[in-house]
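To start, the structure under review is shown below, and the notes come after it.
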Amino acid sequence: MIGCERPKIVVRNDFTFFSFDPKLPPAAEVEQGLLVEIETKDCFSDQITEEEQLVTEIDFSRINPATGPIFVKGAKKGDALAVRIHRIDLKEQGAIVTIPNEGILGDKVRQAKTVICNVDQDKVKFLNLGLPVRKMIGVIGVATPENTPTGTPGRHGGNMDTTVITEGATVYFPVSYDGALFGLGDLHAVMGDGEICVAACEIAGSVTVEFKSISAMSPSWPCVETKDWLYIIVSDEDINKAFYVATDLAVKSLEHALQIDWHDAYMLASLAMDLEICQLVDPRKTVRAKLPKSIISAEKLLEAISE
């Protein structure tokens, strides 16, 4: 991880938006290679600060704000935008809520409830428990022709709620408009895969990133690179379809990268690929296909699934 002694610019959380709309004026224009610190509100737009405040009583038009959009100079339509996540800094207090009829067990939720979670160094305090901090970014993406709400995931990214989108990861997005018009928000101090009750430890903070565009490498779905793994992130209303598309792309990428028969690539995926759930609580569910970098590089993956 690169320290913050390098020059950087700061994008304040005064600049928030609620749809990945290409017509929005940029909050900032940045050069590639610079460190950019992006301040964020929590997913409730900081409306909940006490346990007496219920999510059913807040302004829902302000749910899932993203900070931005940020115009990345030199990023062109048809490119991939690589976003390196250098650092995530969290505030000291977050909140998790329940909402009747929401989440996997929504039919069993009798009431809206709020629990405040304090973050103390490497622990999130929930009730009398200390859970290890697992910083992550819930909403992250670029402008899309569909003008997609920030609370919805898709090919542009958005509310993917993917735990591997954290410090040290690089996320690759398809650029649909010059400048990409990037934004992020919805930080979590800790979240289990699935986000089953419709919320995690929702918290404000800031994220330090670095941008790089890759010419003519626009992936059909967002991808994530970590130290040892590559992930293809796919969202759909039908989770089986999401798994199908992610698997199809993973097999295609292995076939391309290793120059092997499709059936051999299919078998290799069955040996070496994991299918994982990101979130199950949005109308569009999000999944990921996980491939080891020991058998495929990020460049080969992007080549194989570029549109």
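In the structure tokens, chains take letters A, B, ... by order of appearance, with residues numbered from 1 within each chain and ligands from 1 in the order shown.
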Can you check which parts of region 165-279 of chain A lie within 9 Å of region 101-115 of chain A? Per residue, the shortest pair of atoms and distance in Å to one decimal, counting only C-alpha atoms, sorted by chain and number, as a Markdown table.
| residue | atom | partner | partner_atom | distance |
| --- | --- | --- | --- | --- |
| A:Gly194 | CA | A:Ile104 | CA | 8.9 |
| A:Glu195 | CA | A:Gly103 | CA | 8.0 |
| A:Ile196 | CA | A:Ile104 | CA | 5.4 |
| A:Cys197 | CA | A:Gly103 | CA | 4.4 |
| A:Val198 | CA | A:Gly103 | CA | 4.7 |
| A:Ala199 | CA | A:Gly103 | CA | 8.3 |
Between region 193-276 of chain A and region 47-70 of chain A, at 12 Å or less, what are the per-residue closest atom pairs and their distances in Å? Count only C-alpha atoms, order by chain and rising residue number, and return it as a Markdown table.
| residue | atom | partner | partner_atom | distance |
| --- | --- | --- | --- | --- |
| A:Val198 | CA | A:Val55 | CA | 11.6 |
| A:Ala199 | CA | A:Val55 | CA | 10.7 |
| A:Glu202 | CA | A:Ile48 | CA | 9.9 |
| A:Ile203 | CA | A:Ile48 | CA | 10.1 |
| A:Ala204 | CA | A:Pro65 | CA | 10.7 |
| A:Gly205 | CA | A:Thr67 | CA | 11.2 |
| A:Ser206 | CA | A:Thr67 | CA | 9.9 |
| A:Val207 | CA | A:Thr67 | CA | 10.4 |
| A:Val209 | CA | A:Ile70 | CA | 11.6 |
| A:Glu210 | CA | A:Ile70 | CA | 11.8 |
| A:Phe211 | CA | A:Ile70 | CA | 10.5 |
Using the selection just defined, write its residues with all heavy atoms as a JSON list (two decimals), in the first residue's frame.
[["chain", "number", "residue", "atom", "x", "y", "z"],
["A", 198, "VAL", "N", -29.91, -6.86, 4.77],
["A", 198, "VAL", "CA", -30.03, -5.69, 3.90],
["A", 198, "VAL", "C", -29.09, -4.56, 4.31],
["A", 198, "VAL", "O", -29.00, -3.55, 3.62],
["A", 198, "VAL", "CB", -31.49, -5.15, 3.79],
["A", 198, "VAL", "CG1", -31.86, -4.19, 4.91],
["A", 198, "VAL", "CG2", -31.75, -4.52, 2.42],
["A", 199, "ALA", "N", -28.35, -4.72, 5.39],
["A", 199, "ALA", "CA", -27.38, -3.70, 5.81],
["A", 199, "ALA", "C", -26.16, -4.39, 6.38],
["A", 199, "ALA", "O", -26.19, -5.57, 6.75],
["A", 199, "ALA", "CB", -28.00, -2.76, 6.85],
["A", 202, "GLU", "N", -22.74, 0.19, 8.39],
["A", 202, "GLU", "CA", -22.75, 1.33, 7.46],
["A", 202, "GLU", "C", -22.02, 2.49, 8.12],
["A", 202, "GLU", "O", -22.34, 2.89, 9.25],
["A", 202, "GLU", "CB", -24.18, 1.71, 7.12],
["A", 202, "GLU", "CG", -25.07, 0.56, 6.69],
["A", 202, "GLU", "CD", -24.68, -0.03, 5.35],
["A", 202, "GLU", "OE1", -23.93, 0.63, 4.60],
["A", 202, "GLU", "OE2", -25.15, -1.15, 5.03],
["A", 203, "ILE", "N", -21.05, 3.05, 7.39],
["A", 203, "ILE", "CA", -20.15, 4.01, 8.05],
["A", 203, "ILE", "C", -19.61, 5.02, 7.04],
["A", 203, "ILE", "O", -19.44, 4.70, 5.85],
["A", 203, "ILE", "CB", -19.00, 3.24, 8.75],
["A", 203, "ILE", "CG1", -18.26, 4.13, 9.74],
["A", 203, "ILE", "CG2", -18.06, 2.61, 7.73],
["A", 203, "ILE", "CD1", -17.39, 3.32, 10.72],
["A", 204, "ALA", "N", -19.36, 6.21, 7.51],
["A", 204, "ALA", "CA", -18.73, 7.25, 6.67],
["A", 204, "ALA", "C", -17.21, 7.11, 6.76],
["A", 204, "ALA", "O", -16.68, 6.43, 7.64],
["A", 204, "ALA", "CB", -19.17, 8.63, 7.14],
["A", 205, "GLY", "N", -16.52, 7.76, 5.85],
["A", 205, "GLY", "CA", -15.06, 7.71, 5.87],
["A", 205, "GLY", "C", -14.47, 8.34, 4.64],
["A", 205, "GLY", "O", -15.05, 9.26, 4.04],
["A", 206, "SER", "N", -13.32, 7.86, 4.23],
["A", 206, "SER", "CA", -12.68, 8.35, 3.01],
["A", 206, "SER", "C", -11.87, 7.23, 2.38],
["A", 206, "SER", "O", -11.43, 6.29, 3.07],
["A", 206, "SER", "CB", -11.77, 9.55, 3.30],
["A", 206, "SER", "OG", -10.69, 9.18, 4.14],
["A", 207, "VAL", "N", -11.72, 7.32, 1.07],
["A", 207, "VAL", "CA", -11.00, 6.30, 0.30],
["A", 207, "VAL", "C", -9.97, 7.00, -0.57],
["A", 207, "VAL", "O", -10.29, 7.96, -1.27],
["A", 207, "VAL", "CB", -11.97, 5.49, -0.59],
["A", 207, "VAL", "CG1", -11.21, 4.39, -1.32],
["A", 207, "VAL", "CG2", -13.10, 4.89, 0.23],
["A", 209, "VAL", "N", -7.58, 6.63, -3.74],
["A", 209, "VAL", "CA", -7.48, 5.80, -4.93],
["A", 209, "VAL", "C", -6.51, 6.43, -5.93],
["A", 209, "VAL", "O", -6.08, 7.57, -5.79],
["A", 209, "VAL", "CB", -8.86, 5.62, -5.62],
["A", 209, "VAL", "CG1", -9.86, 5.00, -4.66],
["A", 209, "VAL", "CG2", -9.38, 6.94, -6.17],
["A", 210, "GLU", "N", -6.20, 5.64, -6.94],
["A", 210, "GLU", "CA", -5.37, 6.09, -8.06],
["A", 210, "GLU", "C", -5.97, 5.52, -9.34],
["A", 210, "GLU", "O", -6.37, 4.35, -9.38],
["A", 210, "GLU", "CB", -3.93, 5.59, -7.87],
["A", 210, "GLU", "CG", -2.96, 6.00, -8.97],
["A", 210, "GLU", "CD", -1.56, 5.45, -8.71],
["A", 210, "GLU", "OE1", -1.34, 4.86, -7.63],
["A", 210, "GLU", "OE2", -0.70, 5.61, -9.60],
["A", 211, "PHE", "N", -6.04, 6.34, -10.39],
["A", 211, "PHE", "CA", -6.69, 5.95, -11.63],
["A", 211, "PHE", "C", -5.67, 5.69, -12.74],
["A", 211, "PHE", "O", -4.65, 6.36, -12.84],
["A", 211, "PHE", "CB", -7.63, 7.05, -12.13],
["A", 211, "PHE", "CG", -8.74, 7.39, -11.17],
["A", 211, "PHE", "CD1", -8.73, 8.59, -10.48],
["A", 211, "PHE", "CD2", -9.80, 6.52, -10.96],
["A", 211, "PHE", "CE1", -9.75, 8.93, -9.61],
["A", 211, "PHE", "CE2", -10.83, 6.84, -10.09],
["A", 211, "PHE", "CZ", -10.80, 8.05, -9.41]]
Quick one: contact table of region 43-117 of chain A to region 122-138 of chain A, 9 Å max, nearest atom pair and distance in Å to one decimal per residue, counting only C-alpha atoms, chain and number order, as CSV?
residue,atom,partner,partner_atom,distance
A:Cys43,CA,A:Gly138,CA,8.9
A:Ile88,CA,A:Lys135,CA,6.9
A:Asp89,CA,A:Lys135,CA,8.5
A:Leu90,CA,A:Lys135,CA,8.0
A:Gln93,CA,A:Val124,CA,8.9
A:Gly94,CA,A:Val124,CA,8.9
A:Val115,CA,A:Phe126,CA,7.7
A:Ile116,CA,A:Phe126,CA,7.5
A:Cys117,CA,A:Lys125,CA,5.3
Record the distance separating CA of Val10 (chain A) and CA of Asn159 (chain A), expressed in Å with one decimal.
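Separation between CA of Val10 (chain A) and CA of Asn159 (chain A): 22.6 Å.
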Which residues of region 62-136 of chain A come within 7 Å of region 172-184 of chain A, and what is each one's closest atom pair and distance in Å (one decimal), counting only C-alpha atoms, sorted by chain and residue number, as JSON lines?
{"residue": "A:Ala66", "atom": "CA", "partner": "A:Leu184", "partner_atom": "CA", "distance": 4.7}
{"residue": "A:Thr67", "atom": "CA", "partner": "A:Gly183", "partner_atom": "CA", "distance": 5.4}
{"residue": "A:Gly68", "atom": "CA", "partner": "A:Gly183", "partner_atom": "CA", "distance": 4.9}
{"residue": "A:Pro69", "atom": "CA", "partner": "A:Leu181", "partner_atom": "CA", "distance": 5.0}
{"residue": "A:Ile70", "atom": "CA", "partner": "A:Phe182", "partner_atom": "CA", "distance": 4.9}
{"residue": "A:Phe71", "atom": "CA", "partner": "A:Gly179", "partner_atom": "CA", "distance": 4.6}
{"residue": "A:Val72", "atom": "CA", "partner": "A:Gly179", "partner_atom": "CA", "distance": 4.5}
{"residue": "A:Lys73", "atom": "CA", "partner": "A:Gly179", "partner_atom": "CA", "distance": 5.6}
{"residue": "A:Gly74", "atom": "CA", "partner": "A:Gly179", "partner_atom": "CA", "distance": 6.6}
{"residue": "A:Ala75", "atom": "CA", "partner": "A:Gly179", "partner_atom": "CA", "distance": 4.9}
{"residue": "A:Lys76", "atom": "CA", "partner": "A:Asp178", "partner_atom": "CA", "distance": 4.4}
{"residue": "A:Lys77", "atom": "CA", "partner": "A:Tyr177", "partner_atom": "CA", "distance": 4.8}
{"residue": "A:Gly78", "atom": "CA", "partner": "A:Val175", "partner_atom": "CA", "distance": 5.6}
{"residue": "A:Asp79", "atom": "CA", "partner": "A:Val175", "partner_atom": "CA", "distance": 5.4}
{"residue": "A:Ala80", "atom": "CA", "partner": "A:Pro174", "partner_atom": "CA", "distance": 4.9}
{"residue": "A:Leu81", "atom": "CA", "partner": "A:Phe173", "partner_atom": "CA", "distance": 5.1}
{"residue": "A:Ala82", "atom": "CA", "partner": "A:Tyr172", "partner_atom": "CA", "distance": 4.6}
{"residue": "A:Val83", "atom": "CA", "partner": "A:Tyr172", "partner_atom": "CA", "distance": 6.4}
Just want the 12 Å neighbourhood of Thr163 (chain A), counted on only C-alpha atoms, with same-chain residues fewer than 2 positions away dropped. Output as JSON, numbers by chain.
{"A": [133, 134, 135, 136, 137, 138, 139, 159, 160, 161, 165, 166, 167, 169, 187, 188, 189, 190, 191, 192, 193, 194, 195, 200, 224, 226, 231, 233, 276, 277, 278, 279, 286, 287, 288]}
Rounded to one decimal in Å, what is the spacing between CA of Leu34 (chain A) and CA of Ile9 (chain A)?
7.7 Å
As an exercise, work out the distance from CA of Phe17 (chain A) to CA of Val119 (chain A) in Å and give it to one decimal place.
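Distance reported for this atom pair: 26.4 Å.
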Using only C-alpha atoms, which residues sit within 12 Å of Leu258 (chain A) once same-chain residues fewer than 3 positions away are excluded, as a list of chain:residue names?
A:Val251, A:Lys252, A:Ser253, A:Leu254, A:Glu255, A:Asp261, A:Trp262, A:Asp264, A:Ala265, A:Leu268, A:Ser294, A:Ile295, A:Ile296, A:Ser297, A:Lys300, A:Leu301, A:Ala304
Write out the residues from the selection above, keeping all heavy atoms, as a compact mmCIF listing (two decimals), in the first residue's frame.
# COMPACT_ATOMS: atom_id res chain seq x y z
N VAL A 251 -14.70 -19.20 -17.99
CA VAL A 251 -14.24 -20.27 -18.89
C VAL A 251 -13.68 -19.68 -20.18
O VAL A 251 -12.62 -20.10 -20.67
CB VAL A 251 -15.39 -21.25 -19.18
CG1 VAL A 251 -15.00 -22.25 -20.27
CG2 VAL A 251 -15.80 -21.98 -17.91
N LYS A 252 -14.35 -18.67 -20.70
CA LYS A 252 -13.86 -18.00 -21.91
C LYS A 252 -12.48 -17.40 -21.68
O LYS A 252 -11.60 -17.48 -22.55
CB LYS A 252 -14.85 -16.91 -22.32
CG LYS A 252 -14.44 -16.10 -23.54
CD LYS A 252 -15.48 -15.02 -23.83
CE LYS A 252 -15.07 -14.17 -25.02
NZ LYS A 252 -16.07 -13.10 -25.29
N SER A 253 -12.27 -16.81 -20.51
CA SER A 253 -10.98 -16.18 -20.23
C SER A 253 -9.87 -17.23 -20.11
O SER A 253 -8.74 -17.00 -20.57
CB SER A 253 -11.06 -15.34 -18.95
OG SER A 253 -11.26 -16.15 -17.81
N LEU A 254 -10.17 -18.39 -19.52
CA LEU A 254 -9.16 -19.45 -19.44
C LEU A 254 -8.85 -20.02 -20.82
O LEU A 254 -7.68 -20.29 -21.14
CB LEU A 254 -9.66 -20.56 -18.51
CG LEU A 254 -9.78 -20.19 -17.02
CD1 LEU A 254 -10.44 -21.33 -16.26
CD2 LEU A 254 -8.42 -19.85 -16.42
N GLU A 255 -9.88 -20.21 -21.63
CA GLU A 255 -9.68 -20.69 -23.00
C GLU A 255 -8.75 -19.75 -23.76
O GLU A 255 -7.81 -20.17 -24.44
CB GLU A 255 -11.03 -20.79 -23.70
CG GLU A 255 -10.95 -21.23 -25.15
CD GLU A 255 -12.29 -21.10 -25.85
OE1 GLU A 255 -13.18 -20.36 -25.35
OE2 GLU A 255 -12.44 -21.72 -26.93
N ASP A 261 -8.57 -25.89 -25.56
CA ASP A 261 -9.92 -26.22 -26.01
C ASP A 261 -10.94 -25.77 -24.96
O ASP A 261 -10.68 -25.83 -23.76
CB ASP A 261 -10.02 -27.74 -26.22
CG ASP A 261 -11.42 -28.18 -26.61
OD1 ASP A 261 -11.81 -27.94 -27.76
OD2 ASP A 261 -12.12 -28.74 -25.73
N TRP A 262 -12.13 -25.35 -25.43
CA TRP A 262 -13.16 -24.86 -24.51
C TRP A 262 -13.50 -25.90 -23.45
O TRP A 262 -13.67 -25.58 -22.27
CB TRP A 262 -14.42 -24.47 -25.28
CG TRP A 262 -15.50 -23.91 -24.41
CD1 TRP A 262 -15.72 -22.60 -24.10
CD2 TRP A 262 -16.50 -24.66 -23.69
NE1 TRP A 262 -16.80 -22.48 -23.24
CE2 TRP A 262 -17.30 -23.73 -22.97
CE3 TRP A 262 -16.82 -26.02 -23.60
CZ2 TRP A 262 -18.38 -24.12 -22.17
CZ3 TRP A 262 -17.88 -26.42 -22.79
CH2 TRP A 262 -18.65 -25.47 -22.08
N ASP A 264 -11.62 -28.21 -22.22
CA ASP A 264 -10.53 -28.26 -21.24
C ASP A 264 -10.61 -27.06 -20.30
O ASP A 264 -10.38 -27.20 -19.08
CB ASP A 264 -9.18 -28.28 -21.95
CG ASP A 264 -8.94 -29.57 -22.72
OD1 ASP A 264 -9.52 -30.61 -22.33
OD2 ASP A 264 -8.18 -29.54 -23.70
N ALA A 265 -10.95 -25.91 -20.86
CA ALA A 265 -11.09 -24.72 -20.01
C ALA A 265 -12.25 -24.88 -19.03
O ALA A 265 -12.17 -24.46 -17.86
CB ALA A 265 -11.31 -23.49 -20.88
N LEU A 268 -11.00 -27.11 -16.32
CA LEU A 268 -10.07 -26.38 -15.48
C LEU A 268 -10.81 -25.44 -14.53
O LEU A 268 -10.44 -25.33 -13.34
CB LEU A 268 -9.09 -25.59 -16.35
CG LEU A 268 -8.07 -24.72 -15.60
CD1 LEU A 268 -7.22 -25.56 -14.65
CD2 LEU A 268 -7.18 -23.96 -16.60
N SER A 294 -2.24 -17.48 -10.54
CA SER A 294 -1.19 -18.43 -10.92
C SER A 294 -1.44 -19.04 -12.29
O SER A 294 -0.51 -19.57 -12.92
CB SER A 294 -1.07 -19.55 -9.87
OG SER A 294 -2.31 -20.23 -9.74
N ILE A 295 -2.70 -18.96 -12.78
CA ILE A 295 -2.99 -19.55 -14.10
C ILE A 295 -3.49 -18.52 -15.11
O ILE A 295 -3.59 -18.84 -16.29
CB ILE A 295 -3.99 -20.71 -14.00
CG1 ILE A 295 -5.32 -20.26 -13.41
CG2 ILE A 295 -3.40 -21.86 -13.18
CD1 ILE A 295 -6.38 -21.35 -13.42
N ILE A 296 -3.80 -17.30 -14.68
CA ILE A 296 -4.27 -16.28 -15.61
C ILE A 296 -3.91 -14.90 -15.07
O ILE A 296 -3.99 -14.67 -13.87
CB ILE A 296 -5.80 -16.40 -15.86
CG1 ILE A 296 -6.25 -15.40 -16.93
CG2 ILE A 296 -6.58 -16.25 -14.58
CD1 ILE A 296 -7.68 -15.58 -17.38
N SER A 297 -3.52 -14.01 -15.98
CA SER A 297 -3.15 -12.65 -15.58
C SER A 297 -4.34 -11.71 -15.78
O SER A 297 -5.28 -12.02 -16.52
CB SER A 297 -1.98 -12.15 -16.42
OG SER A 297 -2.37 -11.99 -17.78
N LYS A 300 -4.73 -10.82 -19.50
CA LYS A 300 -5.37 -11.85 -20.31
C LYS A 300 -6.88 -11.93 -20.01
O LYS A 300 -7.68 -12.17 -20.91
CB LYS A 300 -4.71 -13.21 -20.07
CG LYS A 300 -3.29 -13.31 -20.63
CD LYS A 300 -3.27 -13.21 -22.14
CE LYS A 300 -1.89 -13.41 -22.71
NZ LYS A 300 -1.87 -13.27 -24.19
N LEU A 301 -7.23 -11.72 -18.75
CA LEU A 301 -8.64 -11.73 -18.40
C LEU A 301 -9.37 -10.59 -19.11
O LEU A 301 -10.45 -10.80 -19.71
CB LEU A 301 -8.80 -11.60 -16.89
CG LEU A 301 -10.23 -11.51 -16.36
CD1 LEU A 301 -10.99 -12.80 -16.61
CD2 LEU A 301 -10.25 -11.18 -14.88
N ALA A 304 -9.85 -11.19 -22.79
CA ALA A 304 -10.83 -12.21 -23.12
C ALA A 304 -12.26 -11.71 -23.00
O ALA A 304 -13.13 -12.13 -23.78
CB ALA A 304 -10.64 -13.43 -22.23
